[in-house]
Amino acid sequence: MPKIEAKPGIMDIDLYVGGKAHLDGVSNVIKLSSNENPFGPSPAAQEAVKRCVHDLHRYPSSDHIELRTALAEVHGLKADNIICGAGSDEIITFLCQAYGGPGAEIVYTEHGFAMYRICALASGATPVEVRERDRITDVDAILEGCTEHTKLVFIANPNNPTGTMIGMAEIERLAEGIPEQALLVLDGAYAEYVEGYDGGAKLVEMRDNVVMTRTFSKLYGLGGLRIGWGYAPRDVIDVLNRVRGPFNVSNTALAAAEASVRDTAYAEKCRNENSRLRAWLSEALAEHGVPCDTSTANFVLARFGNPDEAKACDAYLQKQGLIVRQVAGYKLPNCLRITVGDEPACRQVAHAVGQFKAGAR
Ligand code: PMP
């Protein structure tokens, strides 16, 4: 039987394995590996999902107008410039499908989110990875990495898994400096955690070469429903809608997202708790001899002395029922990424890291 080959580039993709959710033989695990909101979704979102039970036989809305209107009202945006997807992963996929392809180059940073490379290769484009400066997005390196073939430039701000971010002046310099045939994509999956940061929405409105992606999986606690959105110039939205399936987002996801975005008090409470506990966790880990970069998101990047120590600590934490994330795949083998959990989880993980550093195995 002849082997049916996938198109070029597909076999260069490394499988994206999500964070572990279970540990064999351990009950009551604490999962701090996928940057989920430890407080769960807004109660209003849970009610909205329950109401959907009666309509499961119905296809969802295909234009997502209710959610786009809610997003526009709450964030002061234009509903016509919004597109919804099954997670922001799907918006990233649409961008690569529509603007990538053979001959195109897609630029992202060395510790950037894994989906940029995966979607670039899946589209047939060439992924171009550029260096960061001390785990911070380096605008000069990105500009140096661009060529006349660059179609997309992805940065996550704040970045996963480093937690670092760059300021608006740097982002504007990037948007100004990329080649004219390229789009800058500002991935704002963690933007809600940064007080007063709009994820680049206003820049999208001011320029014709900037796109913003956002998610309901993090602050809004709806990772299980798969819903995200993008904000872009009208011509880009028109392009993306052509590769979008008509019913790409479920009715439960749409209803929960709309209720969540309108529950601004709950979002505020989660953001404040995250800021408080992130500061506490970073300090506690540093006191145990494990420094963290200054994180602006809902996780910290804990730095160990070497890759073996990071791996051994991960193994020790698992024995204690704590699941965190190794990030060797992100070229950070000395590090573990730890989601900011609720207060007991933060105390437990800090305590266990302390025990490990004191010699426990
Ligand atoms: N961008 C970044 C930087 C992320 O960390 C994630 C989730 N890990 C995503 C996008 C995708 O999130 P989702 O598809 O759940 O919206």
# chains A, B, ... in the order shown; residues from 1 in each chain; ligands from 1

$ select_by_dssp --residues "range 121-338 of chain A" --states "alpha helix (DSSP H)" --output "count of residues only"
85

$ residues_around --residues "Glu205 in chain A" --least-positions-apart "4" --cutoff "10 Å" --atoms "only C-alpha atoms" --output "list of chain:residue names"
A:Leu77, A:Lys78, A:Asn81, A:Gly200, A:Ala201, A:Asn209, A:Val210, A:Val211, A:Tyr231, A:Ala232, A:Pro233, A:Arg234

$ residues_near_ligand --ligand "ligand 1" --cutoff "9 Å" --atoms "only C-alpha atoms and all ligand atoms" --output "ChimeraX atom specification"
/A:18,34-35,85-92,112-116,155-161,187-190,213-218,222-229

$ residues_around --residues "Leu317 in chain A" --least-positions-apart "4" --cutoff "8 Å" --atoms "only C-alpha atoms" --output "list in words"
Cys313, Gly321, Leu322, Ile323, Val324, Val349, Ala352 and Val353 of chain A

$ write_last_selection --atoms "C-alpha atoms" --output "PDB file, in the first residue's frame"
ATOM      1  CA  CYS A 313      10.920  19.584  41.397  1.00  0.00           C
ATOM      2  CA  GLY A 321      -0.676  15.962  44.013  1.00  0.00           C
ATOM      3  CA  LEU A 322       0.349  19.262  42.431  1.00  0.00           C
ATOM      4  CA  ILE A 323       0.410  19.549  38.643  1.00  0.00           C
ATOM      5  CA  VAL A 324       2.457  22.385  37.180  1.00  0.00           C
ATOM      6  CA  VAL A 349       2.620  24.788  45.956  1.00  0.00           C
ATOM      7  CA  ALA A 352       6.076  22.017  48.463  1.00  0.00           C
ATOM      8  CA  VAL A 353       8.690  23.940  46.443  1.00  0.00           C
TER       9      VAL A 353
END

$ closest_residue --among "A:Phe94, A:Tyr108, A:Tyr16, A:Tyr220" --to "Ala257 in chain A" --atoms "only C-alpha atoms"
A:Tyr220

$ closest_residue --among "A:Ile136, A:Val327, A:Ala98, A:Leu152" --to "Arg117 in chain A" --atoms "only C-alpha atoms"
A:Leu152

$ residues_around --residues "Glu110 in chain A" --least-positions-apart "5" --cutoff "7 Å" --atoms "only C-alpha atoms" --output "ChimeraX atom specification"
/A:129-132

$ closest_residue --among "A:Ile106, A:Gly196, A:Pro60, A:Ile178" --to "Gly245 in chain A" --atoms "only C-alpha atoms"
A:Pro60

$ closest_residue --among "A:Leu254, A:Met206, A:Ala267, A:Leu32" --to "Gly341 in chain A" --atoms "only C-alpha atoms"
A:Leu32

$ atom_distance --atom1 "CA of Phe304 in chain A" --atom2 "CA of Glu343 in chain A"
23.0 Å

$ residues_around --residues "Ala104 in chain A" --least-positions-apart "4" --cutoff "8 Å" --atoms "only C-alpha atoms" --output "ChimeraX atom specification"
/A:99-100,125-126,149-151

$ write_last_selection --atoms "C-alpha atoms" --output "short mmCIF file (atom, residue, chain, number, x, y, z; two decimals), in the first residue's frame"
data_model
loop_
_atom_site.label_atom_id
_atom_site.label_comp_id
_atom_site.auth_asym_id
_atom_site.auth_seq_id
_atom_site.Cartn_x
_atom_site.Cartn_y
_atom_site.Cartn_z
CA TYR A 99 -2.71 34.93 5.12
CA GLY A 100 -0.17 32.08 5.35
CA ALA A 125 3.99 28.78 5.48
CA THR A 126 7.54 29.01 6.82
CA HIS A 149 7.74 37.40 2.45
CA THR A 150 6.49 38.10 5.99
CA LYS A 151 2.70 37.95 6.15
#

$ closest_residue --among "A:His57, A:Lys319, A:His288, A:Arg68" --to "Leu23 in chain A" --atoms "only C-alpha atoms"
A:Lys319

$ closest_residue --among "A:Phe299, A:Leu95, A:Pro41, A:Ala328" --to "Val243 in chain A" --atoms "only C-alpha atoms"
A:Leu95

$ residues_around --residues "Met11 in chain A" --least-positions-apart "2" --cutoff "12 Å" --atoms "only C-alpha atoms" --output "ChimeraX atom specification"
/A:5-9,13-15,118,121-122,124

$ decode --residues "range 265-318 of chain A" --atoms "C-alpha atoms" --output "compact mmCIF listing (two decimals), in the first residue's frame"
# COMPACT_ATOMS: atom_id res chain seq x y z
CA ALA A 265 -17.99 42.83 38.79
CA TYR A 266 -17.08 39.14 38.80
CA ALA A 267 -14.26 39.69 36.29
CA GLU A 268 -12.91 42.52 38.44
CA LYS A 269 -12.99 40.32 41.53
CA CYS A 270 -11.06 37.54 39.75
CA ARG A 271 -8.50 40.02 38.41
CA ASN A 272 -7.88 41.50 41.86
CA GLU A 273 -7.55 38.10 43.51
CA ASN A 274 -5.10 37.04 40.81
CA SER A 275 -2.94 40.14 41.33
CA ARG A 276 -2.87 39.64 45.08
CA LEU A 277 -2.08 35.92 44.95
CA ARG A 278 0.45 36.26 42.11
CA ALA A 279 2.45 38.76 44.18
CA TRP A 280 2.26 36.46 47.19
CA LEU A 281 3.29 33.37 45.21
CA SER A 282 6.21 35.09 43.44
CA GLU A 283 7.54 36.35 46.74
CA ALA A 284 7.11 33.01 48.51
CA LEU A 285 8.94 31.16 45.72
CA ALA A 286 11.75 33.74 45.70
CA GLU A 287 12.14 33.26 49.46
CA HIS A 288 12.68 29.56 48.77
CA GLY A 289 15.44 30.40 46.29
CA VAL A 290 13.28 30.10 43.17
CA PRO A 291 13.04 33.50 41.47
CA CYS A 292 10.24 34.34 39.04
CA ASP A 293 10.14 36.87 36.22
CA THR A 294 7.75 39.75 36.91
CA SER A 295 4.49 38.28 35.66
CA THR A 296 1.58 40.32 34.36
CA ALA A 297 -0.64 37.27 33.78
CA ASN A 298 -2.25 34.47 35.84
CA PHE A 299 0.85 32.32 36.14
CA VAL A 300 4.46 32.69 37.19
CA LEU A 301 7.58 31.33 35.52
CA ALA A 302 9.68 29.80 38.30
CA ARG A 303 13.40 29.56 37.48
CA PHE A 304 15.50 26.71 38.83
CA GLY A 305 19.29 26.26 38.75
CA ASN A 306 19.28 23.83 35.82
CA PRO A 307 16.95 21.57 33.79
CA ASP A 308 17.48 18.55 36.08
CA GLU A 309 16.44 20.54 39.13
CA ALA A 310 13.31 21.82 37.36
CA LYS A 311 12.37 18.26 36.34
CA ALA A 312 13.05 16.86 39.81
CA CYS A 313 10.92 19.58 41.40
CA ASP A 314 8.09 18.81 38.95
CA ALA A 315 8.29 15.12 39.93
CA TYR A 316 8.26 16.03 43.64
CA LEU A 317 5.25 18.33 43.18
CA GLN A 318 3.39 15.52 41.40
